[in-house]
file final02.cif (mmCIF, C-alpha atoms)
data_model
loop_
_atom_site.group_PDB
_atom_site.id
_atom_site.type_symbol
_atom_site.label_atom_id
_atom_site.label_comp_id
_atom_site.auth_asym_id
_atom_site.auth_seq_id
_atom_site.Cartn_x
_atom_site.Cartn_y
_atom_site.Cartn_z
ATOM 1 C CA MET K 1 90.968 111.633 112.933
ATOM 2 C CA ASP K 2 93.854 111.822 110.504
ATOM 3 C CA LEU K 3 93.306 109.678 107.413
ATOM 4 C CA ALA K 4 97.047 109.302 106.863
ATOM 5 C CA ASP K 5 97.532 107.334 110.106
ATOM 6 C CA PRO K 6 95.596 104.178 109.066
ATOM 7 C CA LEU K 7 97.321 104.244 105.684
ATOM 8 C CA ARG K 8 100.726 104.589 107.348
ATOM 9 C CA ASP K 9 99.883 101.730 109.750
ATOM 10 C CA HIS K 10 98.762 99.562 106.822
ATOM 11 C CA ASN K 11 101.978 100.287 104.893
ATOM 12 C CA GLN K 12 104.074 99.471 107.974
ATOM 13 C CA GLN K 13 102.202 96.181 108.425
ATOM 14 C CA GLU K 14 102.741 95.306 104.758
ATOM 15 C CA GLY K 15 106.473 96.048 105.069
ATOM 16 C CA GLN K 16 106.676 94.005 108.246
ATOM 17 C CA SER K 17 104.855 91.153 106.536
ATOM 18 C CA LEU K 18 107.459 91.157 103.778
ATOM 19 C CA ARG K 19 110.224 90.888 106.357
ATOM 20 C CA SER K 20 108.434 88.213 108.377
ATOM 21 C CA HIS K 21 108.084 85.822 105.411
ATOM 22 C CA PRO K 22 111.389 85.950 103.534
ATOM 23 C CA PHE K 23 111.270 82.183 102.957
ATOM 24 C CA ALA K 24 107.961 82.432 101.064
ATOM 25 C CA TYR K 25 109.154 85.314 98.916
ATOM 26 C CA GLY K 26 112.425 83.492 98.300
ATOM 27 C CA ILE K 27 110.468 80.435 97.122
ATOM 28 C CA PHE K 28 108.506 82.666 94.727
ATOM 29 C CA VAL K 29 111.718 84.136 93.288
ATOM 30 C CA VAL K 30 113.340 80.694 92.952
ATOM 31 C CA PHE K 31 110.376 79.296 91.020
ATOM 32 C CA CYS K 32 110.267 82.363 88.763
ATOM 33 C CA ALA K 33 114.003 81.973 88.127
ATOM 34 C CA LEU K 34 113.523 78.276 87.317
ATOM 35 C CA GLY K 35 110.785 79.219 84.868
ATOM 36 C CA PHE K 36 112.990 81.853 83.258
ATOM 37 C CA GLY K 37 115.799 79.300 83.033
ATOM 38 C CA ALA K 38 113.470 76.767 81.427
ATOM 39 C CA ARG K 39 112.310 79.333 78.869
ATOM 40 C CA TRP K 40 115.919 80.241 78.130
ATOM 41 C CA ALA K 41 116.794 76.546 77.743
ATOM 42 C CA ILE K 42 113.970 76.071 75.241
ATOM 43 C CA GLY K 43 115.587 78.731 73.112
ATOM 44 C CA SER K 44 114.260 80.877 70.338
ATOM 45 C CA VAL K 45 111.099 80.096 68.469
ATOM 46 C CA TYR K 46 111.721 80.647 64.764
ATOM 47 C CA SER K 47 108.462 79.863 62.987
ATOM 48 C CA ALA K 48 104.711 79.988 63.538
ATOM 49 C CA GLY K 49 104.520 76.192 63.133
ATOM 50 C CA GLU K 50 107.134 75.660 65.809
ATOM 51 C CA ALA K 51 105.369 78.110 68.124
ATOM 52 C CA LEU K 52 102.046 76.375 67.510
ATOM 53 C CA GLN K 53 103.567 73.018 68.458
ATOM 54 C CA LEU K 54 104.964 74.538 71.665
ATOM 55 C CA VAL K 55 101.586 76.129 72.476
ATOM 56 C CA ASP K 56 99.851 72.766 71.957
ATOM 57 C CA ALA K 57 102.360 71.017 74.235
ATOM 58 C CA LEU K 58 101.948 73.745 76.860
ATOM 59 C CA ALA K 59 98.148 73.650 76.576
ATOM 60 C CA SER K 60 97.847 69.947 77.350
ATOM 61 C CA SER K 61 99.790 70.182 80.593
ATOM 62 C CA GLY K 62 98.613 73.713 81.388
ATOM 63 C CA LEU K 63 94.973 72.652 81.575
ATOM 64 C CA TYR K 64 95.796 70.109 84.279
ATOM 65 C CA LEU K 65 98.001 72.588 86.122
ATOM 66 C CA GLY K 66 95.393 75.339 85.962
ATOM 67 C CA SER K 67 92.567 73.161 87.224
ATOM 68 C CA ALA K 68 94.673 71.649 90.007
ATOM 69 C CA SER K 69 95.914 75.067 91.086
ATOM 70 C CA ALA K 70 92.414 76.547 91.028
ATOM 71 C CA THR K 71 91.121 73.656 93.138
ATOM 72 C CA ALA K 72 94.000 73.942 95.594
ATOM 73 C CA SER K 73 93.654 77.720 95.921
ATOM 74 C CA ALA K 74 89.892 77.539 96.478
ATOM 75 C CA THR K 75 90.402 74.840 99.106
ATOM 76 C CA ILE K 76 93.087 76.894 100.844
ATOM 77 C CA LEU K 77 90.770 79.912 100.951
ATOM 78 C CA ALA K 78 88.009 77.795 102.508
ATOM 79 C CA LEU K 79 90.447 76.396 105.065
ATOM 80 C CA MET K 80 91.721 79.887 105.911
ATOM 81 C CA LEU K 81 88.130 80.906 106.611
ATOM 82 C CA THR K 82 87.798 77.875 108.885
ATOM 83 C CA LEU K 83 91.095 78.757 110.567
ATOM 84 C CA THR K 84 89.898 82.283 111.356
ATOM 85 C CA GLY K 85 86.820 80.810 113.056
ATOM 86 C CA PHE K 86 89.052 78.411 114.969
ATOM 87 C CA ILE K 87 91.374 81.192 116.084
ATOM 88 C CA ARG K 88 88.448 83.273 117.358
ATOM 89 C CA ARG K 89 87.111 80.369 119.460
ATOM 90 C CA VAL K 90 90.411 79.413 121.068
ATOM 91 C CA ASP K 91 91.096 80.990 124.439
ATOM 92 C CA GLN K 92 94.559 82.040 123.372
ATOM 93 C CA ASP K 93 95.119 85.587 122.249
ATOM 94 C CA PHE K 94 96.832 85.504 118.909
ATOM 95 C CA ASP K 95 99.211 88.287 118.107
ATOM 96 C CA GLU K 96 98.928 90.483 115.058
ATOM 97 C CA ASP K 97 101.578 88.488 113.179
ATOM 98 C CA VAL K 98 99.319 85.414 113.054
ATOM 99 C CA TRP K 99 96.437 87.462 111.656
ATOM 100 C CA CYS K 100 98.779 89.071 109.115
ATOM 101 C CA SER K 101 99.991 85.617 108.080
ATOM 102 C CA VAL K 102 96.422 84.414 107.569
ATOM 103 C CA LYS K 103 95.705 87.559 105.551
ATOM 104 C CA ARG K 104 98.825 87.049 103.429
ATOM 105 C CA VAL K 105 97.914 83.400 102.710
ATOM 106 C CA ALA K 106 94.432 84.496 101.647
ATOM 107 C CA GLN K 107 95.854 87.216 99.385
ATOM 108 C CA VAL K 108 98.347 84.923 97.668
ATOM 109 C CA ALA K 109 95.810 82.077 97.350
ATOM 110 C CA THR K 110 93.312 84.505 95.785
ATOM 111 C CA THR K 111 95.946 85.774 93.354
ATOM 112 C CA SER K 112 96.867 82.173 92.530
ATOM 113 C CA LEU K 113 93.213 81.310 91.963
ATOM 114 C CA MET K 114 92.740 84.267 89.613
ATOM 115 C CA ALA K 115 95.947 83.456 87.696
ATOM 116 C CA SER K 116 94.810 79.815 87.373
ATOM 117 C CA LEU K 117 91.415 80.851 86.057
ATOM 118 C CA PHE K 118 93.059 83.223 83.575
ATOM 119 C CA LEU K 119 95.375 80.417 82.446
ATOM 120 C CA LEU K 120 92.428 78.055 81.991
ATOM 121 C CA LEU K 121 90.534 80.666 80.011
ATOM 122 C CA ALA K 122 93.528 81.346 77.769
ATOM 123 C CA LEU K 123 94.093 77.639 77.123
ATOM 124 C CA VAL K 124 90.538 76.782 76.041
ATOM 125 C CA PHE K 125 90.672 78.973 72.937
ATOM 126 C CA PRO K 126 91.035 76.913 69.732
ATOM 127 C CA ILE K 127 94.437 78.412 69.038
ATOM 128 C CA GLY K 128 95.358 76.273 66.011
ATOM 129 C CA GLU K 129 92.066 77.035 64.279
ATOM 130 C CA PHE K 130 92.651 80.767 63.866
ATOM 131 C CA GLU K 131 93.479 81.775 60.330
ATOM 132 C CA LYS K 132 95.074 84.899 58.931
ATOM 133 C CA LEU K 133 97.038 85.621 62.080
ATOM 134 C CA PRO K 134 100.544 87.010 61.803
ATOM 135 C CA ALA K 135 103.349 84.527 62.518
ATOM 136 C CA GLN K 136 104.587 86.617 65.461
ATOM 137 C CA TRP K 137 101.229 86.193 67.211
ATOM 138 C CA TYR K 138 101.968 82.559 68.043
ATOM 139 C CA PHE K 139 105.390 83.496 69.390
ATOM 140 C CA TRP K 140 103.879 86.089 71.739
ATOM 141 C CA LEU K 141 101.047 83.759 72.718
ATOM 142 C CA TYR K 142 103.512 81.032 73.680
ATOM 143 C CA ASN K 143 105.611 83.423 75.772
ATOM 144 C CA ILE K 144 102.547 84.816 77.550
ATOM 145 C CA LEU K 145 101.115 81.352 78.280
ATOM 146 C CA PHE K 146 104.509 80.147 79.476
ATOM 147 C CA GLY K 147 104.831 83.194 81.749
ATOM 148 C CA ILE K 148 101.365 82.679 83.240
ATOM 149 C CA THR K 149 102.156 79.010 83.824
ATOM 150 C CA VAL K 150 105.354 79.914 85.673
ATOM 151 C CA LEU K 151 103.451 82.545 87.680
ATOM 152 C CA VAL K 152 100.789 80.015 88.717
ATOM 153 C CA ILE K 153 103.440 77.541 89.855
ATOM 154 C CA ALA K 154 105.409 80.219 91.738
ATOM 155 C CA LEU K 155 102.266 81.537 93.455
ATOM 156 C CA LEU K 156 101.243 78.034 94.475
ATOM 157 C CA ALA K 157 104.715 77.354 95.894
ATOM 158 C CA MET K 158 104.597 80.669 97.762
ATOM 159 C CA THR K 159 101.162 79.793 99.150
ATOM 160 C CA VAL K 160 102.512 76.493 100.482
ATOM 161 C CA ALA K 161 105.440 78.267 102.175
ATOM 162 C CA LEU K 162 103.098 80.855 103.713
ATOM 163 C CA LEU K 163 100.752 78.104 104.897
ATOM 164 C CA TYR K 164 103.631 76.356 106.560
ATOM 165 C CA SER K 165 104.726 79.456 108.477
ATOM 166 C CA THR K 166 101.134 80.318 109.428
ATOM 167 C CA ILE K 167 100.384 76.836 110.697
ATOM 168 C CA ARG K 168 103.632 76.855 112.685
ATOM 169 C CA ALA K 169 102.613 80.147 114.295
ATOM 170 C CA VAL K 170 99.135 78.854 115.166
ATOM 171 C CA ILE K 171 100.524 75.604 116.607
ATOM 172 C CA HIS K 172 103.056 77.594 118.609
ATOM 173 C CA GLU K 173 100.268 79.718 120.087
ATOM 174 C CA VAL K 174 97.888 76.867 120.975
ATOM 175 C CA THR K 175 100.429 74.326 122.231
ATOM 176 C CA PRO K 176 100.409 74.233 126.013
ATOM 177 C CA ASP K 177 103.607 75.002 127.861
ATOM 178 C CA PHE K 178 104.628 71.533 129.069
ATOM 179 C CA SER K 179 107.663 72.779 130.961
ATOM 180 C CA SER K 180 105.495 74.693 133.462
ATOM 181 C CA ASP K 181 103.365 71.568 134.042
ATOM 182 C CA ASP K 182 106.502 69.561 134.873
ATOM 183 C CA GLU K 183 107.608 72.174 137.426
ATOM 184 C CA ASP K 184 104.157 72.241 139.105
ATOM 185 C CA SER K 185 104.115 68.452 139.586
ATOM 186 C CA GLU K 186 107.424 68.437 141.477
#
call {"tool": "encode", "arguments": {"input": "final02.cif", "output": "structure tokens"}}
result
Amino acid sequence: MDLADPLRDHNQQEGQSLRSHPFAYGIFVVFCALGFGARWAIGSVYSAGEALQLVDALASSGLYLGSASATASATILALMLTLTGFIRRVDQDFDEDVWCSVKRVAQVATTSLMASLFLLLALVFPIGEFEKLPAQWYFWLYNILFGITVLVIALLAMTVALLYSTIRAVIHEVTPDFSSDDEDSE
């Protein structure tokens, strides 16, 4: 058995998955662009005091965002596990695209969950209490926290778009063909 064949098949499936969900990846890019635009609109941070105020403002809303995103991602993962059990019990044979969609939702939801947990961890540090830190540290901290926040939002939006396409595919597979029933009754 050639070890390169499974790797080549996996890479082809990954490439096909990228092409089969352009809407989800487009949503991710749009939310990242909105975040970049928001950061650009905020402008330059000139002092440590200004950066500390921005970090405090970001921390208060970031804690809610992080916990909500972590909860949503964990719930989505549990529902994806339930969906795989449902798919196995249904008489319909699901094509490989449906399984790849479920896999992609699980991957993005897991990444979103990890990013949310990282954001929560970063926001619980008593940032204003640190002394003897260089002024630039607050500037970099704000930019990193802002970037993680944008990433969490973009990943959550991408997860929603992937869920939508996956659920559509599952519904399409399990919905009976009503047009053939109409023809049989005539």
call {"tool": "atom_distance", "arguments": {"input": "final02.cif", "atom1": "CA of His172 (chain K)", "atom2": "CA of Phe28 (chain K)"}}
result
25.0 Å
call {"tool": "residues_around", "arguments": {"input": "final02.cif", "residues": "region 75-80 of chain K", "least_positions_apart": "3", "cutoff": "9 Å", "atoms": "all atoms listed in the file", "output": "count of residues only"}}
result
14
call {"tool": "axis_aligned_box", "arguments": {"input": "final02.cif", "around": "region 59-66 of chain K", "padding_each_side": "5 Å", "output": "AutoDock Vina command-line options"}}
result
--center_x 97.4 --center_y 72.6 --center_z 81.3 --size_x 14.8 --size_y 15.4 --size_z 19.5
call {"tool": "closest_residue", "arguments": {"input": "final02.cif", "among": "K:Leu120, K:Leu145, K:Val98, K:Ile167", "to": "Ala57 (chain K)", "atoms": "all atoms listed in the file"}}
result
K:Leu145
call {"tool": "closest_residue", "arguments": {"input": "final02.cif", "among": "K:Ala59, K:Ala41, K:Leu162, K:Ile27", "to": "Leu119 (chain K)", "atoms": "only C-alpha atoms"}}
result
K:Ala59
call {"tool": "closest_residue", "arguments": {"input": "final02.cif", "among": "K:Leu54, K:Val124, K:Tyr164, K:Gly26", "to": "Phe146 (chain K)", "atoms": "only C-alpha atoms"}}
result
K:Leu54
call {"tool": "residues_around", "arguments": {"input": "final02.cif", "residues": "Phe118 (chain K)", "least_positions_apart": "5", "cutoff": "9 Å", "atoms": "only C-alpha atoms", "output": "list in words"}}
result
Gly66, Leu113, Leu123 and Ile148 of chain K
call {"tool": "atom_distance", "arguments": {"input": "final02.cif", "atom1": "CA of Ala38 (chain K)", "atom2": "CA of Leu65 (chain K)"}}
result
16.7 Å
call {"tool": "atom_distance", "arguments": {"input": "final02.cif", "atom1": "CA of Ala115 (chain K)", "atom2": "CA of Asp56 (chain K)"}}
result
19.4 Å
call {"tool": "closest_residue", "arguments": {"input": "final02.cif", "among": "K:Ala169, K:Ala157, K:Leu58, K:Ala74", "to": "Ser101 (chain K)", "atoms": "only C-alpha atoms"}}
result
K:Ala169
call {"tool": "closest_residue", "arguments": {"input": "final02.cif", "among": "K:Ile153, K:Phe139, K:Trp40, K:Ile171", "to": "Ser73 (chain K)", "atoms": "only C-alpha atoms"}}
result
K:Ile153
call {"tool": "closest_residue", "arguments": {"input": "final02.cif", "among": "K:Leu81, K:Val30, K:Arg104, K:Val55", "to": "Leu141 (chain K)", "atoms": "all atoms listed in the file"}}
result
K:Val55
